[in-house]
Each structure stands twice: as structure tokens, then as C-alpha cells.
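Structure first, commentary second.
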Amino acid sequence: MHIVYLHGFNSSPLSLKAGETAAWLAAHAPDIQFHCPRLSPHPAEALSQAETLLLALPPNTLLIGSSLGGFYATCLAERHGRPAALINPAVRPDRDLARFAGKQTNPYTGEVYTLGDDDLQALLAQRVDQPSAGRYWLLLGSRDEVLDWREAACH
């Protein structure tokens, strides 16, 4: 079995959640192949990267997405009929990330880039209005600094 972990905004495969997931799987399920790609900070490119990886893996591949990665996982799960575990997923990143528009520096990679209106429009264009409830395992925490867990619970 394969698992694809999609990290969130200004994150990377070096994030705490990605590292803990990889370590747990290595210790408790060593037969599972874990993939955590470094995603572009630009949503259209990030989704394309994640989709290319997903389509190269078996059809029973599980998606895990955290925050913005949860949004990406939802898009791909719906598009390709895959199961997904979502950790505090972004539901409206086009709105939530608007306050971060402009110059950004990824604290994990040092990459400097600009989050622009075209990025926010790409997120809006990929929004899933009604996810298939039976496809997801939703993990919510109430201390997220950016996202309101209640929005994900309702969605």
C-alpha cells in the first residue's frame, strides 16, 4: 500500500506532522510506502505535482492532507475516487490565504515567492462544494491559528 501526504501552506516534507507520520509508519507499518512530495507554493502547480504522483501509484493509494494539503487531498480524492484522511483541512483557502497575498518565505525551505491573485483564483477554481462523505476520515483540532475547525466539520 502507498500513502501520499500533502503538506500545507508554507510547509514542506520537513514539517513535524509529515515527520511524525513517516516515523510512525516506519515503526508500525513498514510495508506501507510513504510519499511526501515537496509541493510548489503555487496551487495550480502543487495540484499538478500531487496528481502526477498519485496517478503513478496503485488505485488503493491513500491521501493524507494537512491544512492546504487537506484541500488538495479533497480535490484529488474527488477527482480520482481515492480515500483521504484530512487534518484540519482548508475549505476556502482562496479566502483564508488572501491575507497572506504578496511576498512569502517558506520557513522550511527558504524559498521566496509571491502569492498572487492568480494563485487565489486557482484555489477557487478547484473548490469541492460537496465532498463524498464516505471517502474521508476527518481529524480536527480547535487550536489552528489560521483555519476554523467548525467550517471543515460543516463542510
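Going through the C-alpha cells in order, the chains are called A, B, and so on, while each chain numbers its residues from 1 and the ligands are numbered from 1 in the order shown.
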Please provide as number ranges by chain all residues within 6 Å of region 112-128 of chain A, with the sequence filter that same-chain residues fewer than 2 positions apart are discarded (counting only C-alpha atoms).
-> A: 42-44, 94, 101-105, 130
From the DSSP assignment of the backbone, select every residue of chain A that is helix (DSSP H, G or I), and format the answer as a PyMOL selection string.
-> chain A and resi 16-28+43-55+68-80+93-96+98-100+117-125+133-135+149-154
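Computed from the coordinates, the CA of His80 (chain A) to CA of Ile32 (chain A) distance equals 20.4 Å.
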Write out as JSON, numbers by chain which residues come within 12 Å of Ala23 (chain A) when counting only C-alpha atoms, dropping same-chain ones fewer than 5 positions away.
-> {"A": [14, 16, 17, 18, 28, 29, 30, 32, 33, 34]}
Atoms to include: C-alpha atoms. Write the selected residues as a short mmCIF file (atom, residue, chain, number, x, y, z; two decimals), in the first residue's frame.
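Result written to part-v3.cif:
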data_model
loop_
_atom_site.label_atom_id
_atom_site.label_comp_id
_atom_site.auth_asym_id
_atom_site.auth_seq_id
_atom_site.Cartn_x
_atom_site.Cartn_y
_atom_site.Cartn_z
CA LEU A 14 10.21 18.52 6.82
CA LEU A 16 6.51 18.00 12.24
CA LYS A 17 3.29 16.26 11.11
CA ALA A 18 4.90 14.80 7.99
CA HIS A 28 4.33 0.23 12.89
CA ALA A 29 3.59 -0.42 9.21
CA PRO A 30 6.91 -0.82 7.38
CA ILE A 32 3.46 0.88 3.56
CA GLN A 33 5.33 3.12 1.14
CA PHE A 34 5.17 6.75 2.30
#
Which residues, written as a VMD selection string, have at least one atom at most 8 Å from Leu6 (chain A), with only C-alpha atoms counted and residues fewer than 5 positions away on the same chain left out?
-> chain A and resid 36 to 37 39 50 63 to 66 69 to 70 72 to 73
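Counting only C-alpha atoms, Ser15 (chain A) has the following residues at most 12 Å away, ignoring those fewer than 4 positions along the same chain: Tyr5, Leu6, His7, Gly8, Phe9, Asn10, Ser11, Gly19, Glu20, Thr21, Ala22, Cys36, Pro37, Arg38, Ser66, Asn106, Pro107, Tyr108 and Thr109 of chain A.
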For all heavy atoms, I'd like the residues from the last selection saved as a compact mmCIF listing (two decimals), in the first residue's frame.
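Generated output (again.txt):
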# COMPACT_ATOMS: atom_id res chain seq x y z
N TYR A 5 1.25 11.95 1.47
CA TYR A 5 0.99 13.01 2.45
C TYR A 5 1.22 14.35 1.76
O TYR A 5 2.30 14.60 1.21
CB TYR A 5 1.94 12.87 3.64
CG TYR A 5 1.72 13.91 4.72
CD1 TYR A 5 0.99 13.60 5.86
CD2 TYR A 5 2.24 15.19 4.60
CE1 TYR A 5 0.78 14.54 6.84
CE2 TYR A 5 2.03 16.15 5.58
CZ TYR A 5 1.30 15.82 6.70
OH TYR A 5 1.08 16.75 7.67
N LEU A 6 0.21 15.22 1.79
CA LEU A 6 0.29 16.54 1.16
C LEU A 6 0.34 17.60 2.26
O LEU A 6 -0.59 17.74 3.04
CB LEU A 6 -0.91 16.76 0.24
CG LEU A 6 -1.08 15.70 -0.86
CD1 LEU A 6 -2.35 15.95 -1.65
CD2 LEU A 6 0.14 15.68 -1.78
N HIS A 7 1.45 18.31 2.30
CA HIS A 7 1.66 19.32 3.34
C HIS A 7 0.89 20.60 3.04
O HIS A 7 0.36 20.79 1.95
CB HIS A 7 3.16 19.61 3.53
CG HIS A 7 3.84 20.19 2.32
ND1 HIS A 7 3.68 21.50 1.93
CD2 HIS A 7 4.69 19.64 1.44
CE1 HIS A 7 4.41 21.74 0.85
NE2 HIS A 7 5.03 20.62 0.53
N GLY A 8 0.85 21.47 4.02
CA GLY A 8 0.08 22.69 3.92
C GLY A 8 0.86 23.89 3.40
O GLY A 8 2.00 23.78 2.94
N PHE A 9 0.24 25.04 3.52
CA PHE A 9 0.79 26.32 3.07
C PHE A 9 2.07 26.64 3.83
O PHE A 9 2.13 26.53 5.06
CB PHE A 9 -0.26 27.41 3.31
CG PHE A 9 0.20 28.81 3.00
CD1 PHE A 9 0.45 29.20 1.70
CD2 PHE A 9 0.36 29.73 4.03
CE1 PHE A 9 0.86 30.48 1.42
CE2 PHE A 9 0.76 31.02 3.75
CZ PHE A 9 1.02 31.41 2.45
N ASN A 10 3.09 27.05 3.11
CA ASN A 10 4.40 27.39 3.69
C ASN A 10 4.95 26.27 4.56
O ASN A 10 5.58 26.50 5.58
CB ASN A 10 4.34 28.70 4.47
CG ASN A 10 4.67 29.89 3.59
OD1 ASN A 10 5.21 29.74 2.49
ND2 ASN A 10 4.35 31.08 4.05
N SER A 11 4.71 25.04 4.14
CA SER A 11 5.22 23.88 4.85
C SER A 11 6.10 23.09 3.89
O SER A 11 6.46 23.57 2.81
CB SER A 11 4.05 23.05 5.38
OG SER A 11 4.51 22.06 6.27
N GLY A 19 6.85 14.42 9.38
CA GLY A 19 7.90 13.61 10.00
C GLY A 19 7.35 12.59 10.97
O GLY A 19 7.79 11.42 10.99
N GLU A 20 6.38 13.01 11.78
CA GLU A 20 5.78 12.07 12.73
C GLU A 20 5.01 10.96 12.01
O GLU A 20 5.04 9.81 12.43
CB GLU A 20 4.85 12.81 13.70
CG GLU A 20 5.60 13.64 14.71
CD GLU A 20 4.69 14.42 15.65
OE1 GLU A 20 3.49 14.59 15.33
OE2 GLU A 20 5.18 14.86 16.70
N THR A 21 4.34 11.31 10.93
CA THR A 21 3.61 10.31 10.16
C THR A 21 4.58 9.30 9.55
O THR A 21 4.37 8.08 9.64
CB THR A 21 2.75 10.98 9.06
OG1 THR A 21 1.87 11.91 9.67
CG2 THR A 21 1.96 9.96 8.27
N ALA A 22 5.65 9.79 8.96
CA ALA A 22 6.66 8.91 8.36
C ALA A 22 7.28 8.00 9.42
O ALA A 22 7.45 6.79 9.18
CB ALA A 22 7.73 9.73 7.66
N CYS A 36 5.91 11.89 0.42
CA CYS A 36 5.58 13.26 0.85
C CYS A 36 6.33 14.22 -0.06
O CYS A 36 7.46 14.62 0.22
CB CYS A 36 5.96 13.47 2.32
SG CYS A 36 5.43 15.09 2.94
N PRO A 37 5.71 14.58 -1.17
CA PRO A 37 6.39 15.45 -2.14
C PRO A 37 6.50 16.89 -1.63
O PRO A 37 5.64 17.36 -0.88
CB PRO A 37 5.49 15.39 -3.37
CG PRO A 37 4.12 15.14 -2.80
CD PRO A 37 4.35 14.25 -1.61
N ARG A 38 7.56 17.55 -2.03
CA ARG A 38 7.68 18.98 -1.78
C ARG A 38 6.83 19.68 -2.83
O ARG A 38 7.13 19.63 -4.02
CB ARG A 38 9.14 19.42 -1.89
CG ARG A 38 9.30 20.90 -1.65
CD ARG A 38 10.76 21.30 -1.69
NE ARG A 38 10.86 22.75 -1.74
CZ ARG A 38 11.98 23.39 -1.96
NH1 ARG A 38 13.10 22.72 -2.16
NH2 ARG A 38 11.99 24.70 -1.99
N SER A 66 -2.90 17.90 5.17
CA SER A 66 -2.98 18.78 6.33
C SER A 66 -3.16 20.22 5.87
O SER A 66 -2.40 20.70 5.02
CB SER A 66 -1.69 18.64 7.15
OG SER A 66 -1.68 19.55 8.22
N ASN A 106 9.10 30.54 2.62
CA ASN A 106 8.80 29.26 3.26
C ASN A 106 9.83 29.03 4.37
O ASN A 106 11.03 28.99 4.09
CB ASN A 106 8.83 28.13 2.23
CG ASN A 106 8.44 26.79 2.82
OD1 ASN A 106 8.98 26.35 3.82
ND2 ASN A 106 7.50 26.13 2.18
N PRO A 107 9.37 28.89 5.63
CA PRO A 107 10.33 28.76 6.73
C PRO A 107 11.11 27.45 6.72
O PRO A 107 12.17 27.36 7.34
CB PRO A 107 9.45 28.85 7.98
CG PRO A 107 8.09 28.47 7.53
CD PRO A 107 7.99 28.89 6.09
N TYR A 108 10.62 26.44 6.02
CA TYR A 108 11.32 25.15 5.96
C TYR A 108 12.38 25.11 4.87
O TYR A 108 13.43 24.51 5.03
CB TYR A 108 10.32 24.01 5.72
CG TYR A 108 9.41 23.76 6.87
CD1 TYR A 108 8.15 24.36 6.92
CD2 TYR A 108 9.79 22.93 7.92
CE1 TYR A 108 7.30 24.13 7.99
CE2 TYR A 108 8.94 22.71 9.00
CZ TYR A 108 7.71 23.32 9.02
OH TYR A 108 6.87 23.10 10.08
N THR A 109 12.05 25.73 3.73
CA THR A 109 12.93 25.62 2.56
C THR A 109 13.69 26.91 2.26
O THR A 109 14.65 26.87 1.50
CB THR A 109 12.10 25.27 1.32
OG1 THR A 109 11.22 26.36 1.00
CG2 THR A 109 11.29 23.99 1.52
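Residues of region 51-105 of chain A assigned to strand (DSSP E) by DSSP on this structure's backbone: Leu62, Leu63, Ile64, Gly65, Ser66, Ala84, Ala85, Leu86, Ile87, Gly102, Lys103, Gln104 and Thr105 of chain A.
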For CA of Cys75 (chain A) and CA of Gly110 (chain A), the interatomic separation in Å (one decimal) = 27.2 Å
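Using only C-alpha atoms, the smallest distance between any of A:Ile3, A:Ala77, A:Ala152, A:Leu53 and Asp31 (chain A) comes from A:Ile3.
Considering only C-alpha atoms, the residue among A:Arg99, A:Gly134, A:Arg143, A:Leu47 positioned nearest to Pro83 (chain A) is A:Gly134.
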